[in-house]
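Encoded as structure tokens, the structure appears first; notes follow it.
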Amino acid sequence: MDVRAAAPSQVALAHAEERLAALLRAHEHTSPAHVAAQAARLRHGLDSLARGASLRASDARRLRIIAGRITVLHADAAFKLGTADAARALAAQGYADGLWAQDGPLQGSAREIAAVIEFYDGCPDRALQLARDGLRHVGGGPVRARLVCQEARALAALGDVRAAAQALDTAYDLADMIPVEQWGSPGPGFDTFHPVEVAYNATTALCLLRRPRAAEEHAQIAMPRLDMMNAPGFRSVIRLDLALALVQQGRLELDRVCALATEAVRISWGRTVASASNRADELLAITRTHGDVRDVRELAAFVREWQREGGTSRGTSREAF
């Protein structure tokens, strides 16, 4: 943009877009509390601009789309901080912004994070409803692929083997059609989707369907690719999901289960997010019956220390916010 020829409001919008792009690039390896604080500031600035400036219709729509995307990213950060109700409200606001602007990718992305929140909160039926509602608003492309992944996980949690398998096949097909320049990094996105997210979500789905060997096949596809990225949350959760799948095999797999979970904690040390912490809690609950095994006891102590450390860090960050 030629700053000299642009209106002040257009300069402000361009600046907000740049800030949003920077947050999207960095969010996965940045403290969720920091992302939440930055997103809240950006949204406040845009809301002030909307109230105080006389905007052309095109600029007003552009502002609402930027604000909605920022709010969806804020919802993701709130979810990672474990504040599900706040995350739900933010996702709903992002969806309302998408409706106002008639922007399909924003509406679909808002529904996608809302589905993630419900999935991890133990409401797969609600997650499925939200994912399918999001699919009404998007054609092909990155957001559709992300929504179909959430549809597959919700179906798996509901025990629908055939429908979950069909959704995973569709997600792989959609990912194959996304050009390399739109791959981006794992996590929230409006114009990008990395194919590794399909194998990542397939691991979770197959774990829920009690298909540990199939889950491991998909995990072995995803883990090396994720390990090449700066994506600690994804790297931790997939290891915890694989550990949950393997623990179904009983005592014989305890060594691998404990090794995977310990590695997951080390990857995310100092950055505890709700999805990983909840998965760790599930694993500890299942392995509690093997409390006579030293590795199991050491894992439990390690996980609790990690959660306390992460809880302290999140609390400090919220106070700063």
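Order determines the names: the first chain of the structure tokens is A, the second B, and so forth; residues in each chain are numbered 1 upward, and ligands are numbered 1 upward as they are shown.
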Please list as a list of chain:residue names every residue within 8 Å of Ala231 in chain A, counting only C-alpha atoms and excluding residues in the same chain fewer than 6 positions away. A:Glu28, A:His29, A:Pro186
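Excluding range 88-96 of chain A and any residue on its chain fewer than 4 positions from it, the residues at most 8 Å away by only C-alpha atoms are A:Ala67, A:Gly68, A:Arg69, A:Thr71, A:Val72, A:His74, A:Ala75, A:Ala84, A:Trp100, A:Leu106, A:Gln107, A:Gly108, A:Ala110, A:Arg111, A:Ile113, A:Ala114, A:Ile117.
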Take the residues that were just selected and, keeping N, CA and C atoms, output them as a CSV table (one decimal), in the first residue's frame.
```
chain,number,residue,atom,x,y,z
A,67,ALA,N,-11.2,-8.4,12.2
A,67,ALA,CA,-11.6,-8.5,13.7
A,67,ALA,C,-12.1,-9.9,14.0
A,68,GLY,N,-12.8,-10.5,13.1
A,68,GLY,CA,-13.3,-11.8,13.3
A,68,GLY,C,-12.2,-12.8,13.3
A,69,ARG,N,-11.3,-12.7,12.4
A,69,ARG,CA,-10.1,-13.6,12.4
A,69,ARG,C,-9.3,-13.5,13.7
A,71,THR,N,-10.4,-12.6,16.5
A,71,THR,CA,-11.2,-13.2,17.6
A,71,THR,C,-11.2,-14.7,17.6
A,72,VAL,N,-11.2,-15.3,16.4
A,72,VAL,CA,-11.1,-16.8,16.3
A,72,VAL,C,-9.8,-17.2,16.9
A,74,HIS,N,-8.1,-15.7,19.1
A,74,HIS,CA,-8.2,-15.5,20.5
A,74,HIS,C,-8.9,-16.6,21.2
A,75,ALA,N,-10.0,-17.1,20.5
A,75,ALA,CA,-10.7,-18.3,21.0
A,75,ALA,C,-9.8,-19.5,21.1
A,84,ALA,N,-12.8,-22.7,28.8
A,84,ALA,CA,-13.7,-23.1,27.7
A,84,ALA,C,-14.8,-22.2,27.5
A,100,TRP,N,-21.9,-11.3,9.4
A,100,TRP,CA,-22.0,-9.9,9.1
A,100,TRP,C,-21.3,-9.6,7.7
A,106,LEU,N,-14.2,-17.4,7.3
A,106,LEU,CA,-14.3,-16.9,8.7
A,106,LEU,C,-15.4,-17.7,9.5
A,107,GLN,N,-16.5,-17.8,8.8
A,107,GLN,CA,-17.6,-18.6,9.5
A,107,GLN,C,-17.2,-20.0,9.7
A,108,GLY,N,-16.6,-20.6,8.7
A,108,GLY,CA,-16.1,-22.0,8.9
A,108,GLY,C,-15.0,-22.2,9.9
A,110,ALA,N,-14.5,-20.2,12.5
A,110,ALA,CA,-15.1,-20.0,13.9
A,110,ALA,C,-15.8,-21.3,14.3
A,111,ARG,N,-16.5,-22.0,13.4
A,111,ARG,CA,-17.2,-23.2,13.8
A,111,ARG,C,-16.1,-24.3,14.1
A,113,ILE,N,-13.1,-24.0,15.4
A,113,ILE,CA,-12.5,-23.9,16.8
A,113,ILE,C,-13.6,-24.2,17.8
A,114,ALA,N,-14.8,-23.9,17.5
A,114,ALA,CA,-15.9,-24.2,18.4
A,114,ALA,C,-16.1,-25.7,18.6
A,117,ILE,N,-13.3,-27.1,20.8
A,117,ILE,CA,-13.6,-26.8,22.2
A,117,ILE,C,-14.6,-27.9,22.7
```
Among range 147-226 of chain A, which residues does DSSP mark as helix (DSSP H, G or I) when it is run on the backbone? Keep the chain and numbering as in the structure and answer as a PyMOL selection string. chain A and resi 147-157+161-176+180-182+196-208+212-226
Would you kindly return, as a list in words, each protein, DNA or RNA residue with an atom no farther than 9 Å from any atom of Val143 in chain A, considering only C-alpha atoms and excluding same-chain residues fewer than 4 positions away?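 Here the qualifying residues turn out to be Pro105, Leu106, Gly108, Ser109, Glu112, Gly134, Leu135, Val138, Gly139, Leu147, Val148, Gly189, Phe190, Asp191, Thr192 and Phe193 of chain A.
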Identify, on the basis of only C-alpha atoms, every residue whose closest approach to range 38-51 of chain A does not exceed 10 Å; exclude the query and any residue fewer than 6 positions from it along the same chain; express the result as a list in words.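 In the requested form, the answer reads Ser9, Ala12, Leu13, His15, Ala16, Glu17, Arg19, Leu20, Leu23, Pro32, Asp59, Ala60, Leu63, Arg64, Ile66, Ala67, Gly68, Arg69, Ile70, Thr71, Val72, Leu73, His74, Ala75, Ala77 and Phe321 of chain A.
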Would you pick out the contacts of Asp295 in chain A at 8 Å or less, using only C-alpha atoms, so that residues sharing its chain but fewer than 2 positions from it are not included, and give the list as a ChimeraX atom specification? /A:255,258,293,297-299
Take the residues just selected and output them with N, CA and C atoms as a CSV table (one decimal), in the first residue's frame.
```
chain,number,residue,atom,x,y,z
A,255,ASP,N,6.2,-49.8,28.6
A,255,ASP,CA,7.4,-49.1,28.4
A,255,ASP,C,7.3,-48.0,27.3
A,258,CYS,N,5.0,-45.1,28.5
A,258,CYS,CA,5.6,-44.1,29.4
A,258,CYS,C,6.7,-43.3,28.6
A,293,VAL,N,4.5,-50.4,38.8
A,293,VAL,CA,5.6,-50.2,37.8
A,293,VAL,C,6.2,-48.9,38.0
A,297,ARG,N,4.9,-44.7,37.9
A,297,ARG,CA,4.9,-43.8,39.0
A,297,ARG,C,5.7,-42.5,38.6
A,298,GLU,N,6.9,-42.7,38.0
A,298,GLU,CA,7.7,-41.6,37.6
A,298,GLU,C,7.0,-40.7,36.6
A,299,LEU,N,6.3,-41.3,35.7
A,299,LEU,CA,5.5,-40.6,34.7
A,299,LEU,C,4.5,-39.7,35.4
```
Contacts of range 259-272 of chain A within 10 Å, only C-alpha atoms, excl. fewer than 3 positions in-chain, as a VMD selection string: chain A and resid 29 to 32 80 to 82 227 231 to 244 246 254 to 256 275 to 280 283 to 284 295 to 296 298 to 300 302 to 303 305 to 314
For Tyr200 in chain A: contacts at 12 Å, only C-alpha atoms, fewer than 5 positions along chain excluded, given as an MDAnalysis selection string: chainID A and resid 146 149:150 152:153 168 171:172 186:187 194:195 205:207 215:226 233:242
Could you write out that same residue set with N, CA, C and O atoms as a short mmCIF file (atom, residue, chain, number, x, y, z; two decimals), in the first residue's frame?
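Wrote it out as again.cif, contents follow:
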```cif
data_model
loop_
_atom_site.label_atom_id
_atom_site.label_comp_id
_atom_site.auth_asym_id
_atom_site.auth_seq_id
_atom_site.Cartn_x
_atom_site.Cartn_y
_atom_site.Cartn_z
N ARG A 146 -10.01 -28.70 7.26
CA ARG A 146 -9.91 -28.64 8.73
C ARG A 146 -11.22 -29.05 9.39
O ARG A 146 -11.23 -29.77 10.39
N CYS A 149 -11.77 -32.83 9.26
CA CYS A 149 -10.97 -33.49 10.31
C CYS A 149 -11.71 -33.49 11.64
O CYS A 149 -11.73 -34.50 12.36
N GLN A 150 -12.33 -32.37 11.97
CA GLN A 150 -13.09 -32.30 13.23
C GLN A 150 -14.33 -33.19 13.16
O GLN A 150 -14.73 -33.81 14.16
N ALA A 152 -14.51 -36.00 11.53
CA ALA A 152 -14.01 -37.37 11.70
C ALA A 152 -13.75 -37.69 13.16
O ALA A 152 -14.11 -38.77 13.65
N ARG A 153 -13.12 -36.76 13.88
CA ARG A 153 -12.83 -37.02 15.30
C ARG A 153 -14.10 -37.14 16.12
O ARG A 153 -14.21 -38.00 17.00
N LEU A 168 -12.33 -39.37 7.23
CA LEU A 168 -10.87 -39.32 7.13
C LEU A 168 -10.41 -39.46 5.69
O LEU A 168 -9.48 -38.76 5.25
N ALA A 171 -10.94 -36.16 4.12
CA ALA A 171 -9.95 -35.19 4.57
C ALA A 171 -8.62 -35.39 3.83
O ALA A 171 -7.98 -34.41 3.41
N TYR A 172 -8.20 -36.63 3.66
CA TYR A 172 -6.97 -36.89 2.91
C TYR A 172 -7.11 -36.42 1.46
O TYR A 172 -6.17 -35.84 0.90
N PRO A 186 0.64 -26.03 11.08
CA PRO A 186 -0.53 -26.60 11.77
C PRO A 186 -1.17 -25.59 12.70
O PRO A 186 -0.52 -24.70 13.24
N GLY A 187 -2.47 -25.74 12.89
CA GLY A 187 -3.18 -24.85 13.80
C GLY A 187 -4.16 -23.97 13.08
O GLY A 187 -4.41 -24.14 11.88
N HIS A 194 -2.09 -27.51 6.55
CA HIS A 194 -0.99 -28.43 6.29
C HIS A 194 -1.52 -29.86 6.30
O HIS A 194 -2.20 -30.26 7.24
N PRO A 195 -1.21 -30.65 5.26
CA PRO A 195 -1.72 -32.02 5.19
C PRO A 195 -1.39 -32.89 6.40
O PRO A 195 -2.11 -33.85 6.69
N ALA A 205 -8.63 -40.04 16.11
CA ALA A 205 -9.86 -40.75 15.78
C ALA A 205 -9.70 -42.25 15.97
O ALA A 205 -10.58 -42.92 16.55
N LEU A 206 -8.60 -42.80 15.49
CA LEU A 206 -8.41 -44.25 15.57
C LEU A 206 -8.11 -44.70 17.00
O LEU A 206 -8.44 -45.83 17.38
N CYS A 207 -7.53 -43.82 17.79
CA CYS A 207 -7.36 -44.11 19.22
C CYS A 207 -8.74 -44.24 19.86
O CYS A 207 -9.00 -45.18 20.63
N ALA A 215 -3.93 -46.49 14.46
CA ALA A 215 -3.54 -45.18 15.00
C ALA A 215 -2.04 -45.00 14.89
O ALA A 215 -1.55 -43.91 14.53
N GLU A 216 -1.29 -46.06 15.19
CA GLU A 216 0.17 -45.96 15.12
C GLU A 216 0.65 -45.72 13.70
O GLU A 216 1.60 -44.96 13.47
N GLU A 217 -0.02 -46.33 12.71
CA GLU A 217 0.37 -46.11 11.31
C GLU A 217 0.25 -44.64 10.94
O GLU A 217 1.14 -44.07 10.29
N HIS A 218 -0.84 -44.01 11.33
CA HIS A 218 -1.03 -42.59 11.02
C HIS A 218 -0.07 -41.72 11.83
O HIS A 218 0.46 -40.72 11.33
N ALA A 219 0.17 -42.09 13.07
CA ALA A 219 1.10 -41.32 13.91
C ALA A 219 2.51 -41.36 13.34
O ALA A 219 3.24 -40.36 13.39
N GLN A 220 2.90 -42.50 12.79
CA GLN A 220 4.24 -42.61 12.22
C GLN A 220 4.39 -41.76 10.97
O GLN A 220 5.50 -41.39 10.59
N ILE A 221 3.27 -41.46 10.32
CA ILE A 221 3.31 -40.51 9.18
C ILE A 221 3.45 -39.09 9.71
O ILE A 221 4.23 -38.29 9.19
N ALA A 222 2.67 -38.78 10.76
CA ALA A 222 2.60 -37.39 11.22
C ALA A 222 3.80 -36.96 12.06
O ALA A 222 4.28 -35.83 11.91
N MET A 223 4.27 -37.81 12.96
CA MET A 223 5.28 -37.36 13.93
C MET A 223 6.57 -36.83 13.30
O MET A 223 7.05 -35.77 13.70
N PRO A 224 7.16 -37.53 12.32
CA PRO A 224 8.39 -36.98 11.73
C PRO A 224 8.18 -35.61 11.08
O PRO A 224 9.06 -34.75 11.15
N ARG A 225 7.02 -35.43 10.47
CA ARG A 225 6.74 -34.14 9.81
C ARG A 225 6.53 -33.05 10.85
O ARG A 225 7.02 -31.92 10.71
N LEU A 226 5.78 -33.36 11.91
CA LEU A 226 5.56 -32.38 12.96
C LEU A 226 6.86 -32.04 13.67
O LEU A 226 7.07 -30.89 14.08
N GLY A 233 2.69 -28.05 20.68
CA GLY A 233 1.40 -28.57 21.09
C GLY A 233 1.00 -29.79 20.28
O GLY A 233 0.58 -30.82 20.83
N PHE A 234 1.12 -29.70 18.97
CA PHE A 234 0.78 -30.82 18.09
C PHE A 234 1.71 -32.01 18.35
O PHE A 234 1.28 -33.16 18.38
N ARG A 235 3.00 -31.74 18.52
CA ARG A 235 3.96 -32.81 18.76
C ARG A 235 3.67 -33.54 20.07
O ARG A 235 3.84 -34.76 20.16
N SER A 236 3.22 -32.81 21.08
CA SER A 236 2.91 -33.43 22.36
C SER A 236 1.61 -34.23 22.30
O SER A 236 1.55 -35.38 22.75
N VAL A 237 0.57 -33.63 21.74
CA VAL A 237 -0.74 -34.29 21.74
C VAL A 237 -0.70 -35.59 20.94
O VAL A 237 -1.27 -36.60 21.35
N ILE A 238 -0.01 -35.60 19.80
CA ILE A 238 0.00 -36.83 19.01
C ILE A 238 0.72 -37.95 19.75
O ILE A 238 0.32 -39.13 19.68
N ARG A 239 1.75 -37.61 20.52
CA ARG A 239 2.43 -38.65 21.31
C ARG A 239 1.53 -39.15 22.44
O ARG A 239 1.51 -40.35 22.73
N LEU A 240 0.80 -38.25 23.05
CA LEU A 240 -0.12 -38.66 24.11
C LEU A 240 -1.27 -39.49 23.54
O LEU A 240 -1.71 -40.47 24.15
N ASP A 241 -1.76 -39.12 22.36
CA ASP A 241 -2.82 -39.91 21.72
C ASP A 241 -2.31 -41.31 21.37
O ASP A 241 -3.02 -42.31 21.55
N LEU A 242 -1.09 -41.38 20.84
CA LEU A 242 -0.54 -42.69 20.51
C LEU A 242 -0.33 -43.51 21.78
O LEU A 242 -0.60 -44.72 21.79
#
```
Nearest candidate to Gly184 in chain A (options A:Pro212, A:Gly159, A:Pro142, A:Gly122; using only C-alpha atoms):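 Selected residue with least distance to Gly184 in chain A: A:Pro142.
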For CA of Gln182 in chain A and CA of Ala214 in chain A, the interatomic separation in Å (one decimal):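 These atoms are spaced 28.0 Å apart.
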Check the smallest atom-to-atom distance from each of A:Met229, A:Leu55, A:Leu209, A:Ala202 to Ser185 in chain A using only C-alpha atoms, then report the winner.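 Using only C-alpha atoms, the shortest distance to Ser185 in chain A belongs to A:Met229.
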Restricting to only C-alpha atoms, whichever of A:Asp160, A:Asp173, A:Asp76, A:Asp97 is closest to Leu208 in chain A is A:Asp160
Would you compute the distance between CA of Val198 in chain A and CA of Ile286 in chain A? Give it in Å to one decimal. 26.3 Å
Residue nearest Arg144 in chain A among A:Gly104, A:Pro124, A:Ala26, A:Val180 (counting only C-alpha atoms): A:Gly104
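For the residues A:Ala37, A:Arg213, A:Val116, A:Ser54, ranking by smallest atom-to-atom distance to Pro188 in chain A using only C-alpha atoms places A:Val116 first.
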